[in-house]
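Q: Input protein_29.cif, format and content: mmCIF, C-alpha atoms.
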```
data_protein
#
loop_
_atom_site.group_PDB
_atom_site.id
_atom_site.type_symbol
_atom_site.label_atom_id
_atom_site.label_comp_id
_atom_site.auth_asym_id
_atom_site.auth_seq_id
_atom_site.Cartn_x
_atom_site.Cartn_y
_atom_site.Cartn_z
ATOM 1 C CA MET A 146 29.525 -9.177 -36.991
ATOM 2 C CA ASP A 147 26.108 -7.559 -37.306
ATOM 3 C CA ILE A 148 25.971 -4.731 -39.873
ATOM 4 C CA VAL A 149 24.470 -2.346 -37.284
ATOM 5 C CA VAL A 150 27.439 -2.895 -34.959
ATOM 6 C CA LEU A 151 29.811 -2.325 -37.871
ATOM 7 C CA ILE A 152 28.058 0.964 -38.687
ATOM 8 C CA ILE A 153 28.266 2.131 -35.052
ATOM 9 C CA ILE A 154 31.983 1.320 -34.912
ATOM 10 C CA ALA A 155 32.627 3.054 -38.247
ATOM 11 C CA VAL A 156 30.643 6.186 -37.331
ATOM 12 C CA THR A 157 32.312 6.358 -33.903
ATOM 13 C CA CYS A 158 35.766 6.090 -35.472
ATOM 14 C CA ILE A 159 35.014 8.771 -38.065
ATOM 15 C CA ILE A 160 33.504 11.268 -35.607
ATOM 16 C CA SER A 161 36.253 10.603 -33.049
ATOM 17 C CA TYR A 162 38.873 11.286 -35.706
ATOM 18 C CA MET A 163 37.099 14.500 -36.677
ATOM 19 C CA GLY A 164 36.914 15.570 -33.030
ATOM 20 C CA LEU A 165 40.601 14.919 -32.448
ATOM 21 C CA ASN A 166 41.394 17.209 -35.366
ATOM 22 C CA ASN A 167 38.769 19.877 -34.744
ATOM 23 C CA ILE A 168 38.749 21.395 -31.258
ATOM 24 C CA GLN A 169 35.576 23.424 -31.978
ATOM 25 C CA LEU A 170 33.676 20.247 -32.854
ATOM 26 C CA PHE A 171 35.113 18.480 -29.822
ATOM 27 C CA GLU A 172 34.077 21.268 -27.433
ATOM 28 C CA LYS A 173 30.630 21.646 -28.998
ATOM 29 C CA TYR A 174 29.617 18.023 -28.589
ATOM 30 C CA LYS A 175 31.435 16.707 -25.505
ATOM 31 C CA PHE A 176 29.525 16.009 -22.294
ATOM 32 C CA ASN A 177 29.527 19.151 -20.153
ATOM 33 C CA VAL A 178 27.309 19.749 -17.133
ATOM 34 C CA SER A 179 26.936 23.495 -17.642
ATOM 35 C CA ALA A 180 26.094 23.217 -21.342
ATOM 36 C CA ILE A 181 23.454 20.568 -20.678
ATOM 37 C CA ASN A 182 21.858 22.118 -17.588
ATOM 38 C CA SER A 183 22.117 25.794 -18.477
ATOM 39 C CA ARG A 184 21.898 25.795 -22.268
ATOM 40 C CA LYS A 185 19.756 22.624 -22.582
ATOM 41 C CA GLU A 186 22.149 21.065 -25.085
ATOM 42 C CA TYR A 187 20.812 17.550 -24.544
ATOM 43 C CA ILE A 188 22.411 16.299 -27.765
ATOM 44 C CA ARG A 189 25.627 16.060 -25.742
ATOM 45 C CA LEU A 190 24.160 13.081 -23.839
ATOM 46 C CA ILE A 191 24.572 11.140 -27.086
ATOM 47 C CA SER A 192 27.188 13.008 -29.124
ATOM 48 C CA SER A 193 29.817 12.749 -26.371
ATOM 49 C CA ALA A 194 29.858 8.956 -26.815
ATOM 50 C CA PHE A 195 31.142 9.408 -30.366
ATOM 51 C CA LEU A 196 34.163 11.441 -29.223
ATOM 52 C CA HIS A 197 37.320 10.043 -27.617
ATOM 53 C CA ALA A 198 40.382 11.434 -25.867
ATOM 54 C CA ASP A 199 42.878 9.663 -28.133
ATOM 55 C CA PHE A 200 43.230 6.687 -30.451
ATOM 56 C CA MET A 201 43.966 4.219 -27.632
ATOM 57 C CA HIS A 202 40.781 5.285 -25.832
ATOM 58 C CA LEU A 203 38.858 4.746 -29.063
ATOM 59 C CA PHE A 204 40.598 1.444 -29.858
ATOM 60 C CA PHE A 205 39.891 -0.237 -26.517
ATOM 61 C CA ASN A 206 36.243 0.861 -26.469
ATOM 62 C CA MET A 207 35.603 -0.412 -29.991
ATOM 63 C CA LEU A 208 37.571 -3.612 -29.366
ATOM 64 C CA SER A 209 35.473 -4.340 -26.270
ATOM 65 C CA LEU A 210 32.311 -3.629 -28.244
ATOM 66 C CA TYR A 211 33.456 -6.037 -30.960
ATOM 67 C CA PHE A 212 34.163 -8.855 -28.481
ATOM 68 C CA PHE A 213 30.854 -8.643 -26.607
ATOM 69 C CA GLN A 214 28.340 -7.607 -29.268
ATOM 70 C CA GLY A 215 27.854 -11.212 -30.432
ATOM 71 C CA VAL A 216 26.481 -12.422 -27.087
ATOM 72 C CA VAL A 217 24.073 -9.492 -26.839
ATOM 73 C CA ILE A 218 22.760 -9.940 -30.375
ATOM 74 C CA HIS A 219 22.378 -13.676 -29.759
ATOM 75 C CA PHE A 220 20.150 -13.102 -26.721
ATOM 76 C CA PHE A 221 18.403 -9.846 -27.648
ATOM 77 C CA GLY A 222 18.691 -9.381 -31.411
ATOM 78 C CA THR A 223 19.770 -6.239 -33.236
ATOM 79 C CA ILE A 224 16.959 -4.102 -31.784
ATOM 80 C CA GLY A 225 17.848 -5.261 -28.286
ATOM 81 C CA PHE A 226 21.487 -4.435 -28.929
ATOM 82 C CA LEU A 227 20.550 -0.894 -29.968
ATOM 83 C CA ILE A 228 18.309 -0.458 -26.914
ATOM 84 C CA ILE A 229 21.104 -1.578 -24.592
ATOM 85 C CA TYR A 230 23.814 0.444 -26.347
ATOM 86 C CA PHE A 231 21.969 3.750 -26.504
ATOM 87 C CA GLY A 232 20.063 3.193 -23.264
ATOM 88 C CA SER A 233 23.338 2.586 -21.423
ATOM 89 C CA MET A 234 24.885 5.600 -23.110
ATOM 90 C CA ILE A 235 22.062 7.927 -22.072
ATOM 91 C CA LEU A 236 21.573 6.541 -18.551
ATOM 92 C CA GLY A 237 25.320 6.663 -17.918
ATOM 93 C CA ASN A 238 25.428 10.337 -18.883
ATOM 94 C CA LEU A 239 22.245 11.140 -16.941
ATOM 95 C CA PHE A 240 23.788 9.540 -13.867
ATOM 96 C CA SER A 241 26.893 11.692 -14.378
ATOM 97 C CA LEU A 242 24.637 14.728 -14.712
ATOM 98 C CA LEU A 243 22.978 13.866 -11.399
ATOM 99 C CA ILE A 244 26.231 13.185 -9.579
ATOM 100 C CA TYR A 245 28.041 16.289 -10.852
ATOM 101 C CA LYS A 246 25.107 18.723 -11.055
ATOM 102 C CA ASN A 247 26.922 21.099 -8.711
ATOM 103 C CA GLN A 248 30.143 20.966 -10.731
ATOM 104 C CA PRO A 249 29.313 22.890 -13.943
ATOM 105 C CA TRP A 250 32.841 22.452 -15.281
ATOM 106 C CA TYR A 251 32.636 18.641 -15.303
ATOM 107 C CA SER A 252 33.163 17.240 -18.799
ATOM 108 C CA ALA A 253 33.520 13.771 -20.276
ATOM 109 C CA ILE A 254 33.770 11.939 -23.594
ATOM 110 C CA GLY A 255 33.798 8.367 -24.838
ATOM 111 C CA ALA A 256 31.578 5.360 -25.500
ATOM 112 C CA SER A 257 32.592 3.624 -22.266
ATOM 113 C CA GLY A 258 29.135 3.909 -20.692
ATOM 114 C CA ALA A 259 27.470 2.360 -23.735
ATOM 115 C CA VAL A 260 30.122 -0.343 -24.020
ATOM 116 C CA SER A 261 29.818 -1.110 -20.297
ATOM 117 C CA GLY A 262 26.126 -1.775 -20.864
ATOM 118 C CA ILE A 263 26.950 -4.263 -23.624
ATOM 119 C CA ILE A 264 29.598 -6.000 -21.502
ATOM 120 C CA PHE A 265 27.360 -6.347 -18.456
ATOM 121 C CA ALA A 266 24.358 -7.447 -20.496
ATOM 122 C CA SER A 267 26.594 -10.274 -21.706
ATOM 123 C CA ILE A 268 27.778 -11.080 -18.193
ATOM 124 C CA ALA A 269 24.194 -11.110 -16.897
ATOM 125 C CA MET A 270 23.310 -13.871 -19.354
ATOM 126 C CA ALA A 271 26.260 -16.109 -18.488
ATOM 127 C CA PRO A 272 28.112 -14.743 -15.423
ATOM 128 C CA ASN A 273 30.230 -17.838 -14.891
ATOM 129 C CA GLU A 274 30.751 -18.825 -18.530
ATOM 130 C CA ILE A 275 31.868 -15.502 -20.010
ATOM 131 C CA SER A 276 35.458 -14.533 -19.266
ATOM 132 C CA VAL A 277 36.695 -10.938 -19.078
ATOM 133 C CA ASN A 278 40.430 -10.297 -18.779
ATOM 134 C CA PHE A 279 40.910 -13.978 -17.856
ATOM 135 C CA LEU A 280 38.442 -13.675 -14.949
ATOM 136 C CA PRO A 281 34.957 -15.213 -14.698
ATOM 137 C CA GLY A 282 32.451 -12.561 -15.748
ATOM 138 C CA TRP A 283 30.799 -12.261 -12.340
ATOM 139 C CA LEU A 284 34.152 -11.794 -10.572
ATOM 140 C CA PHE A 285 35.274 -9.192 -13.088
ATOM 141 C CA GLY A 286 31.934 -7.432 -12.632
ATOM 142 C CA THR A 287 32.245 -7.422 -8.850
ATOM 143 C CA LEU A 288 35.796 -6.046 -8.978
ATOM 144 C CA TYR A 289 34.859 -3.538 -11.681
ATOM 145 C CA PHE A 290 31.920 -2.198 -9.693
ATOM 146 C CA GLY A 291 33.939 -2.212 -6.488
ATOM 147 C CA TYR A 292 36.797 -0.239 -8.029
ATOM 148 C CA SER A 293 34.450 2.241 -9.732
ATOM 149 C CA VAL A 294 32.513 2.826 -6.514
ATOM 150 C CA TYR A 295 35.736 3.287 -4.532
ATOM 151 C CA MET A 296 37.079 5.827 -7.039
ATOM 152 C CA MET A 297 33.809 7.748 -7.046
ATOM 153 C CA LEU A 298 33.780 7.949 -3.258
ATOM 154 C CA ASN A 299 37.527 8.659 -3.053
ATOM 155 C CA PRO A 300 38.358 10.705 -6.187
ATOM 156 C CA LYS A 301 42.018 11.030 -7.145
ATOM 157 C CA GLN A 302 43.509 13.977 -8.981
ATOM 158 C CA TRP A 303 45.243 11.705 -11.495
ATOM 159 C CA ASP A 304 42.108 9.714 -12.297
ATOM 160 C CA ASN A 305 40.329 10.918 -15.447
ATOM 161 C CA LEU A 306 37.904 8.021 -15.953
ATOM 162 C CA GLY A 307 34.151 8.639 -16.063
ATOM 163 C CA HIS A 308 33.213 6.091 -13.401
ATOM 164 C CA SER A 309 29.662 7.404 -13.064
ATOM 165 C CA ALA A 310 28.986 6.886 -16.791
ATOM 166 C CA HIS A 311 30.524 3.400 -16.596
ATOM 167 C CA LEU A 312 28.327 2.458 -13.644
ATOM 168 C CA GLY A 313 25.160 3.950 -15.119
ATOM 169 C CA GLY A 314 25.717 2.152 -18.401
ATOM 170 C CA ALA A 315 26.563 -1.154 -16.754
ATOM 171 C CA PHE A 316 23.479 -0.854 -14.537
ATOM 172 C CA PHE A 317 21.220 -0.371 -17.562
ATOM 173 C CA GLY A 318 22.734 -3.396 -19.322
ATOM 174 C CA LEU A 319 22.233 -5.568 -16.249
ATOM 175 C CA VAL A 320 18.664 -4.470 -15.511
ATOM 176 C CA TYR A 321 17.539 -4.740 -19.130
ATOM 177 C CA SER A 322 18.987 -8.250 -19.407
ATOM 178 C CA ILE A 323 17.498 -9.436 -16.127
ATOM 179 C CA THR A 324 14.096 -7.968 -17.045
ATOM 180 C CA LEU A 325 13.978 -9.758 -20.389
ATOM 181 C CA HIS A 326 15.455 -13.042 -19.148
ATOM 182 C CA PRO A 327 14.405 -13.396 -15.488
ATOM 183 C CA ASP A 328 14.773 -17.176 -15.715
ATOM 184 C CA LEU A 329 18.480 -16.908 -16.438
ATOM 185 C CA ALA A 330 18.885 -14.219 -13.788
ATOM 186 C CA LEU A 331 17.172 -16.387 -11.189
ATOM 187 C CA SER A 332 19.428 -19.343 -11.965
ATOM 188 C CA ASN A 333 22.468 -17.094 -11.491
ATOM 189 C CA TRP A 334 21.164 -15.026 -8.572
ATOM 190 C CA TYR A 335 24.224 -15.649 -6.383
ATOM 191 C CA PHE A 336 26.621 -14.356 -9.060
ATOM 192 C CA LEU A 337 24.459 -11.338 -9.831
ATOM 193 C CA GLY A 338 23.934 -10.717 -6.125
ATOM 194 C CA ALA A 339 27.676 -10.553 -5.507
ATOM 195 C CA MET A 340 28.055 -8.091 -8.382
ATOM 196 C CA SER A 341 25.280 -5.899 -6.988
ATOM 197 C CA LEU A 342 26.820 -5.374 -3.527
ATOM 198 C CA PRO A 343 29.070 -2.421 -4.553
ATOM 199 C CA LEU A 344 26.084 -0.775 -6.297
ATOM 200 C CA ILE A 345 23.940 -1.133 -3.186
ATOM 201 C CA TYR A 346 26.714 0.418 -1.099
ATOM 202 C CA LEU A 347 27.067 3.310 -3.562
ATOM 203 C CA SER A 348 23.312 3.929 -3.482
ATOM 204 C CA TYR A 349 23.478 4.120 0.310
ATOM 205 C CA GLN A 350 26.355 6.610 0.183
ATOM 206 C CA ILE A 351 24.629 8.807 -2.431
ATOM 207 C CA PHE A 352 20.994 8.791 -1.338
ATOM 208 C CA VAL A 353 21.296 8.241 2.429
ATOM 209 C CA LYS A 354 24.683 9.638 3.427
ATOM 210 C CA LYS A 355 24.631 12.313 0.676
ATOM 211 C CA LYS A 356 28.356 11.835 0.192
ATOM 212 C CA ILE A 357 28.338 12.643 -3.537
ATOM 213 C CA GLY A 358 26.503 15.386 -5.389
#
```
In structure tokens, how does this file's structure come out?
A:
Amino acid sequence: MDIVVLIIIAVTCIISYMGLNNIQLFEKYKFNVSAINSRKEYIRLISSAFLHADFMHLFFNMLSLYFFQGVVIHFFGTIGFLIIYFGSMILGNLFSLLIYKNQPWYSAIGASGAVSGIIFASIAMAPNEISVNFLPGWLFGTLYFGYSVYMMLNPKQWDNLGHSAHLGGAFFGLVYSITLHPDLALSNWYFLGAMSLPLIYLSYQIFVKKKIG
């Protein structure tokens, strides 16, 4: 495992542990629409990714990062990994900020947006070779996007997942990968096209129908 990935995992674990044991720290650095828009606390766009709701939340995010970081570093190198990880993190939170701009109470934490970017950058490079939860990568991606879009358009009271951050992060990972390796993207256009359908539908609902925001 690349030393940079190891450092990110270690720092995330340490800060998450501190946040779980220090409510003031947790509240100060979590993603919160009002704090970012009104008080201009933009550090929360990054710091929130180093906080987690509990140890299981932390464990699954870091485990997913561990499994998929190798593919990303193979194709993009350490610098590319960092661009995807932090780019997905920031875009995911900016998308959440856009979607929930009229809900100042909306808050979120976790590295899921950043990790989603890493996962989908991997899938973009080998959509039919990479397996996620025993499914071909492209099929997992299609179902993942479909479920996230459905939950965003039909929010449930029991659902506490940050689907907008997941989608924003995954979108950044996909676009970055396709931009840097258009040859691979072109050879897998049918897989990537299927994955993109839920995102196209969501864009229509947000920007044309104005259903969210």
Q: For Phe285 (chain A), work out the shell of residues within 10 Å, counting only C-alpha atoms and skipping chain neighbours fewer than 2 positions away, then give it as a PyMOL selection string.
A: chain A and resi 265+268+272+275-283+287-291+340
Q: Store the residues picked out above in a file with C-alpha atoms, as a PDB file, in the frame of the given file.
A:
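File selection-v2.pdb, as written:
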```pdb
ATOM      1  CA  PHE A 265      27.360  -6.347 -18.456  1.00  0.00           C
ATOM      2  CA  ILE A 268      27.778 -11.080 -18.193  1.00  0.00           C
ATOM      3  CA  PRO A 272      28.112 -14.743 -15.423  1.00  0.00           C
ATOM      4  CA  ILE A 275      31.868 -15.502 -20.010  1.00  0.00           C
ATOM      5  CA  SER A 276      35.458 -14.533 -19.266  1.00  0.00           C
ATOM      6  CA  VAL A 277      36.695 -10.938 -19.078  1.00  0.00           C
ATOM      7  CA  ASN A 278      40.430 -10.297 -18.779  1.00  0.00           C
ATOM      8  CA  PHE A 279      40.910 -13.978 -17.856  1.00  0.00           C
ATOM      9  CA  LEU A 280      38.442 -13.675 -14.949  1.00  0.00           C
ATOM     10  CA  PRO A 281      34.957 -15.213 -14.698  1.00  0.00           C
ATOM     11  CA  GLY A 282      32.451 -12.561 -15.748  1.00  0.00           C
ATOM     12  CA  TRP A 283      30.799 -12.261 -12.340  1.00  0.00           C
ATOM     13  CA  THR A 287      32.245  -7.422  -8.850  1.00  0.00           C
ATOM     14  CA  LEU A 288      35.796  -6.046  -8.978  1.00  0.00           C
ATOM     15  CA  TYR A 289      34.859  -3.538 -11.681  1.00  0.00           C
ATOM     16  CA  PHE A 290      31.920  -2.198  -9.693  1.00  0.00           C
ATOM     17  CA  GLY A 291      33.939  -2.212  -6.488  1.00  0.00           C
ATOM     18  CA  MET A 340      28.055  -8.091  -8.382  1.00  0.00           C
TER      19      MET A 340
END
```
Q: The PyMOL selection byres ((chain A and resi 324-331) around 10) on the file shown: which residues, as a ChimeraX atom specification?
A: /A:220-221,225,269-272,319-323,332-338
Q: Would you kindly return, as a ChimeraX atom specification, each protein, DNA or RNA residue with an atom no farther than 9 Å from any atom of Val260 (chain A), considering all atoms listed in the file and excluding same-chain residues fewer than 5 positions away?
A: /A:206-207,209-210,213,230,233-234,265,311,314-315
Q: Neighbours of region 190-205 of chain A within 9 Å (only C-alpha atoms; same-chain residues fewer than 5 positions away dropped), as a PyMOL selection string?
A: chain A and resi 156-165+171+174-177+181+210+231+234-239+253-259
Q: Please produce a file of the residues just selected, as a PDB file, keeping the file's coordinate frame, where the atoms kept are C-alpha atoms.
A:
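Generated file (result-v8.pdb):
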```pdb
ATOM      1  CA  VAL A 156      30.643   6.186 -37.331  1.00  0.00           C
ATOM      2  CA  THR A 157      32.312   6.358 -33.903  1.00  0.00           C
ATOM      3  CA  CYS A 158      35.766   6.090 -35.472  1.00  0.00           C
ATOM      4  CA  ILE A 159      35.014   8.771 -38.065  1.00  0.00           C
ATOM      5  CA  ILE A 160      33.504  11.268 -35.607  1.00  0.00           C
ATOM      6  CA  SER A 161      36.253  10.603 -33.049  1.00  0.00           C
ATOM      7  CA  TYR A 162      38.873  11.286 -35.706  1.00  0.00           C
ATOM      8  CA  MET A 163      37.099  14.500 -36.677  1.00  0.00           C
ATOM      9  CA  GLY A 164      36.914  15.570 -33.030  1.00  0.00           C
ATOM     10  CA  LEU A 165      40.601  14.919 -32.448  1.00  0.00           C
ATOM     11  CA  PHE A 171      35.113  18.480 -29.822  1.00  0.00           C
ATOM     12  CA  TYR A 174      29.617  18.023 -28.589  1.00  0.00           C
ATOM     13  CA  LYS A 175      31.435  16.707 -25.505  1.00  0.00           C
ATOM     14  CA  PHE A 176      29.525  16.009 -22.294  1.00  0.00           C
ATOM     15  CA  ASN A 177      29.527  19.151 -20.153  1.00  0.00           C
ATOM     16  CA  ILE A 181      23.454  20.568 -20.678  1.00  0.00           C
ATOM     17  CA  LEU A 210      32.311  -3.629 -28.244  1.00  0.00           C
ATOM     18  CA  PHE A 231      21.969   3.750 -26.504  1.00  0.00           C
ATOM     19  CA  MET A 234      24.885   5.600 -23.110  1.00  0.00           C
ATOM     20  CA  ILE A 235      22.062   7.927 -22.072  1.00  0.00           C
ATOM     21  CA  LEU A 236      21.573   6.541 -18.551  1.00  0.00           C
ATOM     22  CA  GLY A 237      25.320   6.663 -17.918  1.00  0.00           C
ATOM     23  CA  ASN A 238      25.428  10.337 -18.883  1.00  0.00           C
ATOM     24  CA  LEU A 239      22.245  11.140 -16.941  1.00  0.00           C
ATOM     25  CA  ALA A 253      33.520  13.771 -20.276  1.00  0.00           C
ATOM     26  CA  ILE A 254      33.770  11.939 -23.594  1.00  0.00           C
ATOM     27  CA  GLY A 255      33.798   8.367 -24.838  1.00  0.00           C
ATOM     28  CA  ALA A 256      31.578   5.360 -25.500  1.00  0.00           C
ATOM     29  CA  SER A 257      32.592   3.624 -22.266  1.00  0.00           C
ATOM     30  CA  GLY A 258      29.135   3.909 -20.692  1.00  0.00           C
ATOM     31  CA  ALA A 259      27.470   2.360 -23.735  1.00  0.00           C
TER      32      ALA A 259
END
```
Q: Find, counting all atoms listed in the file, the residue in A:Leu306, A:Ile244, A:Leu151, A:Val217 that gets nearest to Ile263 (chain A).
A: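 Of A:Leu306, A:Ile244, A:Leu151, A:Val217, the one nearest Ile263 (chain A) is A:Val217, counting all atoms listed in the file.
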Q: Find the residue from A:Ala266, A:Ser179, A:Asn167, A:Leu312 that sits nearest to Val216 (chain A); use all atoms listed in the file when measuring.
A: A:Ala266
Q: Please, what is the axis-aligned box for every listed atom of region 286-299 of chain A with 5 Å on each side, as centre and edge lengths in Å to one decimal, as AutoDock Vina command-line options?
A:
```
--center_x 34.7 --center_y 0.6 --center_z -7.8 --size_x 15.6 --size_y 26.1 --size_z 19.6
```
Q: Between A:Tyr211, A:Tyr251, A:Tyr295, A:Phe240, which one has atoms that come closest to Ile153 (chain A), using all atoms listed in the file?
A: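 With all atoms listed in the file as the atom set, the closest residue is A:Tyr211.
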Q: What is the CA of Ile264 (chain A)-CA of Asn305 (chain A) distance in Å, reported with one decimal?
A: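 Here the two named atoms are 20.9 Å from each other.
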Q: Just so the selection is clear, what residues does the PyMOL selection byres ((chain A and resi 297) around 12) cover here, as a ChimeraX atom specification?
A: /A:241,244-245,290-296,298-302,304-312,343-344,346-348,350-351,356-358
Q: With distances taken over only C-alpha atoms, which of A:Val150, A:Arg189, A:Phe316, A:Ile345 is nearest to Thr223 (chain A)?
A: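 Checking each candidate against Thr223 (chain A), we get A:Val150 as the closest.
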Q: For a cutoff of 6 Å around the file-coordinate point (27.4, -7.0, -31.6), which residues qualify once you count all atoms listed in the file? I'd like the result as a PyMOL selection string.
A: chain A and resi 147+150+214-215+218
Q: Would you translate the PyMOL selection byres ((chain A and resi 183) around 12) into the concrete set of residues it matches in this file, as a compact mmCIF listing (two decimals) with C-alpha atoms, in the coordinates of the input?
A:
```
# COMPACT_ATOMS: atom_id res chain seq x y z
CA ASN A 177 29.53 19.15 -20.15
CA VAL A 178 27.31 19.75 -17.13
CA SER A 179 26.94 23.50 -17.64
CA ALA A 180 26.09 23.22 -21.34
CA ILE A 181 23.45 20.57 -20.68
CA ASN A 182 21.86 22.12 -17.59
CA ARG A 184 21.90 25.80 -22.27
CA LYS A 185 19.76 22.62 -22.58
CA GLU A 186 22.15 21.06 -25.08
CA TYR A 187 20.81 17.55 -24.54
CA LEU A 242 24.64 14.73 -14.71
CA LYS A 246 25.11 18.72 -11.06
CA ASN A 247 26.92 21.10 -8.71
CA PRO A 249 29.31 22.89 -13.94
CA TRP A 250 32.84 22.45 -15.28
```
Q: As an exercise, work out the distance from CA of Glu274 (chain A) to CA of Gly286 (chain A) in Å and give it to one decimal place.
A: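 Spanning CA of Glu274 (chain A) to CA of Gly286 (chain A) is a straight-line distance of 12.9 Å.
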Q: Please rebuild region 319-326 of chain A with all heavy atoms and return the result as a PDB file, in the coordinates of the input.
A:
```pdb
ATOM      1  N   LEU A 319      22.630  -4.509 -17.185  1.00  0.00           N
ATOM      2  CA  LEU A 319      22.233  -5.568 -16.249  1.00  0.00           C
ATOM      3  C   LEU A 319      20.714  -5.638 -16.083  1.00  0.00           C
ATOM      4  O   LEU A 319      20.110  -6.710 -16.195  1.00  0.00           O
ATOM      5  CB  LEU A 319      22.877  -5.324 -14.885  1.00  0.00           C
ATOM      6  CG  LEU A 319      24.292  -5.840 -14.658  1.00  0.00           C
ATOM      7  CD1 LEU A 319      24.787  -5.396 -13.284  1.00  0.00           C
ATOM      8  CD2 LEU A 319      24.349  -7.363 -14.769  1.00  0.00           C
ATOM      9  N   VAL A 320      20.109  -4.498 -15.797  1.00  0.00           N
ATOM     10  CA  VAL A 320      18.664  -4.470 -15.511  1.00  0.00           C
ATOM     11  C   VAL A 320      17.866  -4.872 -16.744  1.00  0.00           C
ATOM     12  O   VAL A 320      16.895  -5.641 -16.646  1.00  0.00           O
ATOM     13  CB  VAL A 320      18.243  -3.078 -15.008  1.00  0.00           C
ATOM     14  CG1 VAL A 320      16.717  -2.970 -14.928  1.00  0.00           C
ATOM     15  CG2 VAL A 320      18.860  -2.803 -13.645  1.00  0.00           C
ATOM     16  N   TYR A 321      18.251  -4.381 -17.897  1.00  0.00           N
ATOM     17  CA  TYR A 321      17.539  -4.740 -19.130  1.00  0.00           C
ATOM     18  C   TYR A 321      17.606  -6.246 -19.359  1.00  0.00           C
ATOM     19  O   TYR A 321      16.602  -6.888 -19.686  1.00  0.00           O
ATOM     20  CB  TYR A 321      18.155  -3.988 -20.314  1.00  0.00           C
ATOM     21  CG  TYR A 321      17.438  -4.242 -21.627  1.00  0.00           C
ATOM     22  CD1 TYR A 321      16.346  -3.461 -22.005  1.00  0.00           C
ATOM     23  CD2 TYR A 321      17.860  -5.255 -22.487  1.00  0.00           C
ATOM     24  CE1 TYR A 321      15.690  -3.691 -23.207  1.00  0.00           C
ATOM     25  CE2 TYR A 321      17.199  -5.494 -23.685  1.00  0.00           C
ATOM     26  CZ  TYR A 321      16.119  -4.705 -24.041  1.00  0.00           C
ATOM     27  OH  TYR A 321      15.471  -4.944 -25.239  1.00  0.00           O
ATOM     28  N   SER A 322      18.799  -6.811 -19.183  1.00  0.00           N
ATOM     29  CA  SER A 322      18.987  -8.250 -19.407  1.00  0.00           C
ATOM     30  C   SER A 322      18.175  -9.076 -18.430  1.00  0.00           C
ATOM     31  O   SER A 322      17.517 -10.057 -18.809  1.00  0.00           O
ATOM     32  CB  SER A 322      20.474  -8.607 -19.269  1.00  0.00           C
ATOM     33  OG  SER A 322      21.249  -7.888 -20.184  1.00  0.00           O
ATOM     34  N   ILE A 323      18.220  -8.698 -17.164  1.00  0.00           N
ATOM     35  CA  ILE A 323      17.498  -9.436 -16.127  1.00  0.00           C
ATOM     36  C   ILE A 323      15.988  -9.337 -16.354  1.00  0.00           C
ATOM     37  O   ILE A 323      15.248 -10.308 -16.153  1.00  0.00           O
ATOM     38  CB  ILE A 323      17.882  -8.906 -14.733  1.00  0.00           C
ATOM     39  CG1 ILE A 323      19.340  -9.266 -14.437  1.00  0.00           C
ATOM     40  CG2 ILE A 323      16.959  -9.458 -13.661  1.00  0.00           C
ATOM     41  CD1 ILE A 323      19.902  -8.588 -13.200  1.00  0.00           C
ATOM     42  N   THR A 324      15.525  -8.166 -16.797  1.00  0.00           N
ATOM     43  CA  THR A 324      14.096  -7.968 -17.045  1.00  0.00           C
ATOM     44  C   THR A 324      13.601  -8.851 -18.185  1.00  0.00           C
ATOM     45  O   THR A 324      12.512  -9.432 -18.113  1.00  0.00           O
ATOM     46  CB  THR A 324      13.804  -6.490 -17.367  1.00  0.00           C
ATOM     47  OG1 THR A 324      14.235  -5.671 -16.284  1.00  0.00           O
ATOM     48  CG2 THR A 324      12.322  -6.266 -17.612  1.00  0.00           C
ATOM     49  N   LEU A 325      14.401  -8.972 -19.238  1.00  0.00           N
ATOM     50  CA  LEU A 325      13.978  -9.758 -20.389  1.00  0.00           C
ATOM     51  C   LEU A 325      14.206 -11.253 -20.215  1.00  0.00           C
ATOM     52  O   LEU A 325      13.511 -12.060 -20.830  1.00  0.00           O
ATOM     53  CB  LEU A 325      14.697  -9.272 -21.656  1.00  0.00           C
ATOM     54  CG  LEU A 325      13.881  -8.290 -22.517  1.00  0.00           C
ATOM     55  CD1 LEU A 325      13.666  -6.979 -21.772  1.00  0.00           C
ATOM     56  CD2 LEU A 325      14.563  -8.038 -23.847  1.00  0.00           C
ATOM     57  N   HIS A 326      15.169 -11.627 -19.376  1.00  0.00           N
ATOM     58  CA  HIS A 326      15.455 -13.042 -19.148  1.00  0.00           C
ATOM     59  C   HIS A 326      15.516 -13.341 -17.649  1.00  0.00           C
ATOM     60  O   HIS A 326      16.561 -13.720 -17.122  1.00  0.00           O
ATOM     61  CB  HIS A 326      16.778 -13.434 -19.820  1.00  0.00           C
ATOM     62  CG  HIS A 326      16.729 -13.417 -21.307  1.00  0.00           C
ATOM     63  ND1 HIS A 326      16.141 -14.416 -22.051  1.00  0.00           N
ATOM     64  CD2 HIS A 326      17.186 -12.513 -22.206  1.00  0.00           C
ATOM     65  CE1 HIS A 326      16.248 -14.142 -23.342  1.00  0.00           C
ATOM     66  NE2 HIS A 326      16.877 -12.988 -23.457  1.00  0.00           N
TER      67      HIS A 326
END
```
